[in-house]
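The structure under discussion appears below in the form of structure tokens.
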Amino acid sequence: MTQTRNLIDENGKRTDGRTTDELREIRITAGVVKNADGSAFIEFGMNKIVVAVYGPREVHPKHMALTDRCVLRCRYHMSPFSTDTRKNPAPSRREVEISKVMREALEPTLMLEDYPRAAIDVYVEVLQADGGSRCAGITAASVALADAGISMRDIVSACAAGKVDDKIVLDINDTEDKEGGADMPLAYMPHLEKVTLLQLDGILTEEEFNKCLDKAIKGCIMVYEVQRQALMQKYFGNESELREEQ
Amino acid sequence: MQEIRRKYVVPGDRIIDGNFRPLFNVIKAGNSIIATRVGIAEAGREGVKVIPLSGIYIPRVNDVVIGKITDHSSLSWEVDINSCFSAHLPAQDVFGRDFSPARDDMGSQLTIGDLITARIIAFDRSRDPMLTVQDKDLGKVPRGEFIKISATRVPRLIGKRGSMIQTIEQSTRTRILIGQNGIIVVTGKDSDGIKLAVRAIRLVEEEAHTANLTQRVKSLLGVSDPSRQEPSPIPKPQNVQKNDELQSSIQGVEEELKEEVEEGERT
């Protein structure tokens, strides 16, 4: 990761015009796939991702079933047209890895012991990729799981932070990911205040790491608000604010 | 103790602080009660619960369900009950205790594709649900229009003491069998009536959580004066099982329905 040009200008603006503490624009819609039990569509900057959740349902092949809890299966896949040069649709090493970390990021929030001998399938399909598609995928998957009515301890929100031009910035985009100093995706449960995914690509000092972590957590909390709004909008429409009655 | 409070929640939301009993779809975390599903939270004297608005059917003992025979072994039928667990109906339950796989032909009673109304007699974490048809109004469903809705919409479709379903049945001259698992069979002599009933059920499914639903269903069915149309003392369909959860969900919509009626009278 060698930096070739300045990614932050003299006004403190990044390549896409954001400040160091700004997220890209996020839009989430819940319930977009009619055939799925739960689904969500997320636009996270230039990322466009559809997530469909099926289940709990019977496990096939049956030998994969666990007697004490539910099996969570995740599939992260990038469409051939999601990148500027065609991506081979066969699962790559990177996709297999992201599927695994995504499953591990979602597992702590799900109450899998409520559905023994069943399976939950999460399909994450990237339609258009920009930097941070794993974070966007986890964010949307979490909304889709809640939409499917699966018991969850909390919603998982994900957001990356990183180092660009020796500055710690929030929500790394594709250019900053490729040309910047470090990229640290983080998945976080905002109510439980627990981290479920932490990866780091690049080198940070201890101080930088702490800054980066704080910034990513703040980003996750902002992402959470959008997730919550999406669910509220689907289920309660415009009257979504707290309604308390006697 | 505080009075009943209701609010809309998503997983992770704190419903209330204090020493409350968690009932269902909630967890206790420290001194707080946290919602685990999207729905309407209710905190009352008996405890705190969330009435979910989405999710598949999880079997409970004593639920009456409608299922489809998908397969059979030499001793039991396998029944699809619209859940992540497939249920079993033992052949002994249909043929009696002297059932013999060699002598009795299971196909003579139920074949693959048949619909049955059955009660769940056993279900826990370690075994698949077991069914029985040995009760009044249980057994094979001979005819009817088959509809699947989300199991979370069933309490709303039944309404306060069966009011919603009675309204639909009376105005469309149909009989509606509802399984707790969200499978519904509509029967009637008049095909237009059946079509109308199906439309009304779909409306309830789509708009289950909105206010003034009864009013809209009545206007769809062409019931003229909704506020004066009190449910006549026709007995509730006996296959409709009211378990604790259902009962409490019905209580939940009771207030809303009462408000609707009051509004109707005012206007």
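Naming scheme: A, B, ... for chains in displayed order of the structure tokens; residues 1 onward per chain; ligands 1 onward as shown.
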List every residue of chain B that has an atom at most 7 Å from any atom of chain A, giving for each one its closest atom pair and the distance in Å to one decimal, counting only C-alpha atoms, sorted by chain and then by ascending residue number, as a Markdown table.
| residue | atom | partner | partner_atom | distance |
| --- | --- | --- | --- | --- |
| B:Glu3 | CA | A:Gln246 | CA | 6.8 |
| B:Ile4 | CA | A:Gln246 | CA | 5.8 |
| B:Arg5 | CA | A:Gln246 | CA | 5.5 |
| B:Arg6 | CA | A:Glu244 | CA | 5.1 |
| B:Lys7 | CA | A:Arg243 | CA | 5.1 |
| B:Tyr8 | CA | A:Leu242 | CA | 6.0 |
| B:Pro11 | CA | A:Asp154 | CA | 5.3 |
| B:Gly12 | CA | A:Asp154 | CA | 3.9 |
| B:Thr36 | CA | A:Met152 | CA | 4.8 |
| B:Arg37 | CA | A:Ser151 | CA | 5.5 |
| B:Val38 | CA | A:Ala146 | CA | 6.6 |
| B:Ser54 | CA | A:Gly149 | CA | 4.7 |
| B:Gly55 | CA | A:Gly149 | CA | 3.9 |
| B:Cys84 | CA | A:Arg57 | CA | 4.2 |
| B:Phe85 | CA | A:Glu58 | CA | 6.5 |
| B:Arg125 | CA | A:Pro116 | CA | 6.3 |
Export, as a CSV table (one decimal), in the first residue's frame, the selected residues with C-alpha atoms.
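Now in again.csv:
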chain,number,residue,atom,x,y,z
B,3,GLU,CA,-49.9,0.6,33.4
B,4,ILE,CA,-49.8,-1.1,30.0
B,5,ARG,CA,-47.7,0.8,27.5
B,6,ARG,CA,-47.2,0.0,23.9
B,7,LYS,CA,-44.6,1.0,21.5
B,8,TYR,CA,-43.1,0.0,18.2
B,11,PRO,CA,-34.4,-5.9,17.7
B,12,GLY,CA,-32.2,-4.4,20.3
B,36,THR,CA,-35.6,-9.4,19.9
B,37,ARG,CA,-38.0,-8.9,17.0
B,38,VAL,CA,-39.7,-6.2,15.0
B,54,SER,CA,-43.0,-11.0,10.8
B,55,GLY,CA,-41.5,-14.4,11.0
B,84,CYS,CA,-39.1,-25.1,9.6
B,85,PHE,CA,-40.1,-28.4,11.1
B,125,ARG,CA,-36.4,-28.6,21.1
message: Give me, as a ChimeraX atom specification, the residues of stretch 74-249 of chain B that a backbone DSSP run labels helix (DSSP H, G or I).
response: /B:91-95,106-108,151-158,160-172,191-206,213-221,244-249
- request: Show which residues sit within 8 Å of B:Ile121, as a PyMOL selection string. Count only C-alpha atoms, and ignore same-chain residues fewer than 4 positions away.
  value: chain B and resi 61-62+129-132
Expected file contents, prior selection, N, CA and C atoms, as a short mmCIF file (atom, residue, chain, number, x, y, z; two decimals), in the first residue's frame:
data_model
loop_
_atom_site.label_atom_id
_atom_site.label_comp_id
_atom_site.auth_asym_id
_atom_site.auth_seq_id
_atom_site.Cartn_x
_atom_site.Cartn_y
_atom_site.Cartn_z
N VAL B 61 -47.35 -26.61 21.44
CA VAL B 61 -48.27 -27.69 21.80
C VAL B 61 -49.68 -27.12 21.96
N ASN B 62 -50.64 -27.86 21.44
CA ASN B 62 -52.07 -27.53 21.47
C ASN B 62 -52.51 -26.56 20.39
N PRO B 129 -42.59 -31.85 15.58
CA PRO B 129 -43.95 -31.84 16.11
C PRO B 129 -44.73 -33.12 15.76
N MET B 130 -45.51 -33.57 16.72
CA MET B 130 -46.36 -34.76 16.54
C MET B 130 -47.80 -34.27 16.51
N LEU B 131 -48.57 -34.80 15.59
CA LEU B 131 -49.95 -34.32 15.41
C LEU B 131 -50.97 -35.36 15.85
N THR B 132 -52.18 -34.90 16.08
CA THR B 132 -53.31 -35.80 16.27
C THR B 132 -54.50 -35.27 15.50
#
- line: Counting only C-alpha atoms, the residue among A:Leu112, A:Ile42, A:Ile28, A:Cys212 that lies closest to A:Glu225 is A:Ile28
field: One-decimal distance in Å that lies between atom CA of A:Tyr188 and atom CA of A:Lys163
entry: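 Distance between the two atoms: 19.6 Å.
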task: Would you return as a PyMOL selection string the members of stretch 3-222 of chain A that DSSP assigns to strand (DSSP E or B) on this structure's backbone?
output: chain A and resi 8+14+26-30+38-44+47-58+71-78+110+118-128+152+157-164+167-170+182-189+194-198+201-202
message: Can you pull out the residues contacting B:Asp190? Cut-off 9 Å, using only C-alpha atoms, and skip same-chain residues under 4 positions away; I want them as a list in words.
response: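 Here the qualifying residues turn out to be Thr172, Arg173, Thr174, Ile194 and Lys195 of chain B.
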field: Exercise: B:Phe20 partners within 12 Å, only C-alpha atoms, chain neighbours under 5 positions left out, as a PyMOL selection string
entry: chain B and resi 1-2+15+26-34+42-49
Print the selection's residues with C-alpha atoms to a file, as a short mmCIF file (atom, residue, chain, number, x, y, z; two decimals), in the first residue's frame.
data_model
loop_
_atom_site.label_atom_id
_atom_site.label_comp_id
_atom_site.auth_asym_id
_atom_site.auth_seq_id
_atom_site.Cartn_x
_atom_site.Cartn_y
_atom_site.Cartn_z
CA MET B 1 -46.55 -1.11 38.85
CA GLN B 2 -46.92 0.84 35.64
CA ILE B 15 -38.54 -1.52 25.98
CA VAL B 26 -37.78 -10.17 24.70
CA ILE B 27 -34.61 -10.74 26.70
CA LYS B 28 -33.49 -9.35 29.99
CA ALA B 29 -30.18 -7.51 29.91
CA GLY B 30 -29.19 -6.13 33.27
CA ASN B 31 -32.08 -4.06 34.50
CA SER B 32 -33.64 -3.60 31.06
CA ILE B 33 -35.94 -5.59 28.85
CA ILE B 34 -34.77 -5.70 25.23
CA GLU B 42 -46.39 -4.29 25.47
CA ALA B 43 -45.34 -3.78 29.05
CA GLY B 44 -48.01 -4.62 31.55
CA ARG B 45 -48.59 -6.07 34.97
CA GLU B 46 -48.04 -9.65 33.86
CA GLY B 47 -44.75 -8.88 32.09
CA VAL B 48 -43.25 -7.55 28.91
CA LYS B 49 -43.69 -9.02 25.45
#
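Using only C-alpha atoms, the protein and nucleic acid residues lying no more than 9 Å from A:Arg27, apart from those fewer than 6 places from it along its own chain, are Phe41, Ile42, Glu43, Phe44, Gly45, Val226, Gln227 and Ala230 of chain A.
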Residue subset to file, keeping N, CA and C atoms, as a PDB file, in the first residue's frame:
ATOM      1  N   PHE A  41     -32.358  -3.874   0.561  1.00  0.00           N
ATOM      2  CA  PHE A  41     -31.536  -3.325  -0.513  1.00  0.00           C
ATOM      3  C   PHE A  41     -30.805  -2.127   0.072  1.00  0.00           C
ATOM      4  N   ILE A  42     -29.500  -2.090  -0.121  1.00  0.00           N
ATOM      5  CA  ILE A  42     -28.735  -0.976   0.436  1.00  0.00           C
ATOM      6  C   ILE A  42     -27.959  -0.263  -0.666  1.00  0.00           C
ATOM      7  N   GLU A  43     -27.969   1.036  -0.580  1.00  0.00           N
ATOM      8  CA  GLU A  43     -27.088   1.851  -1.419  1.00  0.00           C
ATOM      9  C   GLU A  43     -26.163   2.574  -0.454  1.00  0.00           C
ATOM     10  N   PHE A  44     -24.912   2.206  -0.478  1.00  0.00           N
ATOM     11  CA  PHE A  44     -23.923   2.751   0.456  1.00  0.00           C
ATOM     12  C   PHE A  44     -22.904   3.458  -0.417  1.00  0.00           C
ATOM     13  N   GLY A  45     -23.091   4.732  -0.652  1.00  0.00           N
ATOM     14  CA  GLY A  45     -22.285   5.416  -1.658  1.00  0.00           C
ATOM     15  C   GLY A  45     -22.602   4.808  -3.009  1.00  0.00           C
ATOM     16  N   VAL A 226     -29.879   4.615  10.270  1.00  0.00           N
ATOM     17  CA  VAL A 226     -30.485   4.390   8.943  1.00  0.00           C
ATOM     18  C   VAL A 226     -31.166   3.016   8.909  1.00  0.00           C
ATOM     19  N   GLN A 227     -30.515   2.024   9.520  1.00  0.00           N
ATOM     20  CA  GLN A 227     -31.088   0.677   9.544  1.00  0.00           C
ATOM     21  C   GLN A 227     -32.426   0.673  10.288  1.00  0.00           C
ATOM     22  N   ALA A 230     -35.147   2.242   8.304  1.00  0.00           N
ATOM     23  CA  ALA A 230     -35.627   1.384   7.214  1.00  0.00           C
ATOM     24  C   ALA A 230     -36.648   0.372   7.725  1.00  0.00           C
TER      25      ALA A 230
END
